[in-house]
Amino acid sequence: MNDTNTKKEVLTHNYFLIGAMSSMVSKMSVTPLDRLKFLTQTKSNSEFTGLVSDIFKKEGLSGFYKGVFPILATSIPKSAIYFTALNNIKTSMNNYSNHGQCLSSHKINFFSGLSAGIITTTLLYPTDVISSKYYYDIGNNQSLLKITKNTFFEKKMFRGYSATLMGTIPNHGFSYLLYTSIKDSNILSSKFNDIIPTKIISMGDNGNTFVSSYIASISTQLAAYPFDTIRKKMQVGDLNFIDTVKQIKSGSLFDFYRGFKISIIKTPLSNAIYFMCAEFLIRQNVM
């Protein structure tokens, strides 16, 4: 067996670990922004500076990392399963295409990203609901165990699931399609490198992955964000999808984008760090 085949087998076997490690690094980097974004989305008349002051006064500096353990407990296996599913689905579709069924790379990337997103969302959605309820609590300090029990017995483990599924189309399908398209074009060697920081250009493949993921994530945020707001509202409230949409819409259409200024920093940064770490580990064959 040659070295190339051996490397491919090792990488396939370790996609799970690569996804898990990359998720841990990316989530720890943006946890404070993640909580601030969530609270801005779900609490009425909440502003960034007011939330920062409120959290710091009631919970101290550690309050910005409240919920980090349930978040990691959700994101690490979710990202590990996602990365494993993504690469295995993509490999299977490429093999299918190579055996007479012509599928374009764009179709393969779109459906690989979308399918992997649906699989991971479905398998781990209850942990996302619990994390949201834990995030929502400021100052009351309910235990994670109590929130989990209440959520389970009230049969609310899948609240907001419908909104999440709708959001997977831009969040995972189009985002991964755009990411791979930009990355394959090697944006760092294009005419746009005049506006890209020199330090990122000097990172080579890592920089190309970072910028490609960042741009793809920003580009799909406008379409995906309203579904995220609806999902978060449903997770911590008692309304169904339609009533939640009506409640948000009753204020202003801009309320679907509450916390967007935080998200447009947090989400692309988190995704860029995630894919940069994952691609780096693959290239280095460290697993």
# chains A, B, ... in the order shown; residues from 1 in each chain; ligands from 1

$ residues_around --residues "A:Thr122" --least-positions-apart "2" --cutoff "12 Å" --atoms "only C-alpha atoms" --output "list in words"
Lys78, Ile81, Tyr82, Ser115, Ala116, Gly117, Ile118, Ile119, Thr120, Leu124, Tyr125, Pro126, Thr127, Asp128, Val129, Met157, Phe158, Arg159, Gly160, Tyr161, Ser162, Thr164, Leu165 and Thr168 of chain A

$ atom_distance --atom1 "atom CA of A:Thr42" --atom2 "atom CA of A:Ile130"
14.7 Å

$ residues_around --residues "A:Ile76" --least-positions-apart "6" --cutoff "12 Å" --atoms "only C-alpha atoms" --output "PyMOL selection string"
chain A and resi 16-28+68-70+82-83+120+124+127-128+274

$ write_last_selection --atoms "C-alpha atoms" --output "compact mmCIF listing (two decimals), in the first residue's frame"
# COMPACT_ATOMS: atom_id res chain seq x y z
CA PHE A 16 -14.03 12.79 14.04
CA LEU A 17 -11.02 13.83 16.15
CA ILE A 18 -10.03 16.57 13.72
CA GLY A 19 -13.53 18.04 13.85
CA ALA A 20 -13.61 17.82 17.65
CA MET A 21 -10.24 19.52 18.18
CA SER A 22 -11.00 22.29 15.68
CA SER A 23 -14.36 22.95 17.33
CA MET A 24 -12.84 23.28 20.79
CA VAL A 25 -10.35 25.91 19.58
CA SER A 26 -12.93 27.91 17.62
CA LYS A 27 -15.67 27.86 20.30
CA MET A 28 -13.35 28.89 23.14
CA VAL A 68 -19.19 27.20 28.03
CA PHE A 69 -19.27 23.57 29.18
CA PRO A 70 -22.71 22.73 27.78
CA TYR A 82 -20.38 17.12 11.01
CA PHE A 83 -16.80 16.90 9.75
CA THR A 120 -25.63 16.76 13.12
CA LEU A 124 -27.64 16.76 18.95
CA THR A 127 -28.26 19.72 23.86
CA ASP A 128 -28.57 22.95 21.89
CA TYR A 274 -12.64 25.93 12.70

$ residues_around --residues "A:Ile169" --least-positions-apart "5" --cutoff "9 Å" --atoms "only C-alpha atoms" --output "ChimeraX atom specification"
/A:110,113-114,117,174-175,224

$ write_last_selection --atoms "N, CA and C atoms" --output "compact mmCIF listing (two decimals), in the first residue's frame"
# COMPACT_ATOMS: atom_id res chain seq x y z
N PHE A 110 -22.54 21.34 -2.25
CA PHE A 110 -23.78 21.84 -1.66
C PHE A 110 -24.50 20.75 -0.87
N GLY A 113 -22.55 19.49 2.29
CA GLY A 113 -22.67 20.41 3.41
C GLY A 113 -24.06 20.38 4.02
N LEU A 114 -25.09 20.37 3.17
CA LEU A 114 -26.47 20.37 3.64
C LEU A 114 -26.80 19.08 4.40
N GLY A 117 -25.07 18.91 7.72
CA GLY A 117 -25.71 19.85 8.65
C GLY A 117 -26.99 19.29 9.23
N PHE A 174 -25.27 26.28 1.23
CA PHE A 174 -24.67 27.36 0.44
C PHE A 174 -23.34 27.84 1.02
N SER A 175 -23.23 27.82 2.35
CA SER A 175 -21.99 28.27 2.98
C SER A 175 -20.82 27.38 2.59
N ALA A 224 -29.31 33.44 6.67
CA ALA A 224 -29.45 32.45 7.74
C ALA A 224 -29.87 33.05 9.08

$ select_by_dssp --residues "stretch 55-112 of chain A" --states "helix (DSSP H, G or I)" --output "ChimeraX atom specification"
/A:55-59,61-65,68-98,105-112

$ residues_around --residues "stretch 259-269 of chain A" --least-positions-apart "4" --cutoff "7 Å" --atoms "only C-alpha atoms" --output "JSON, numbers by chain"
{"A": [30, 33, 34, 37, 40, 41, 214, 217, 218, 273]}

$ atom_distance --atom1 "atom CA of A:Phe227" --atom2 "atom CA of A:Met166"
6.9 Å

$ atom_distance --atom1 "atom CA of A:Lys90" --atom2 "atom CA of A:Phe111"
8.4 Å

$ closest_residue --among "A:Ile230, A:Ala73, A:Ile215, A:Ile147" --to "A:Asp243" --atoms "only C-alpha atoms"
A:Ile230

$ closest_residue --among "A:Ala85, A:Ile182, A:Leu61, A:Ile282" --to "A:Asn208" --atoms "only C-alpha atoms"
A:Ile182
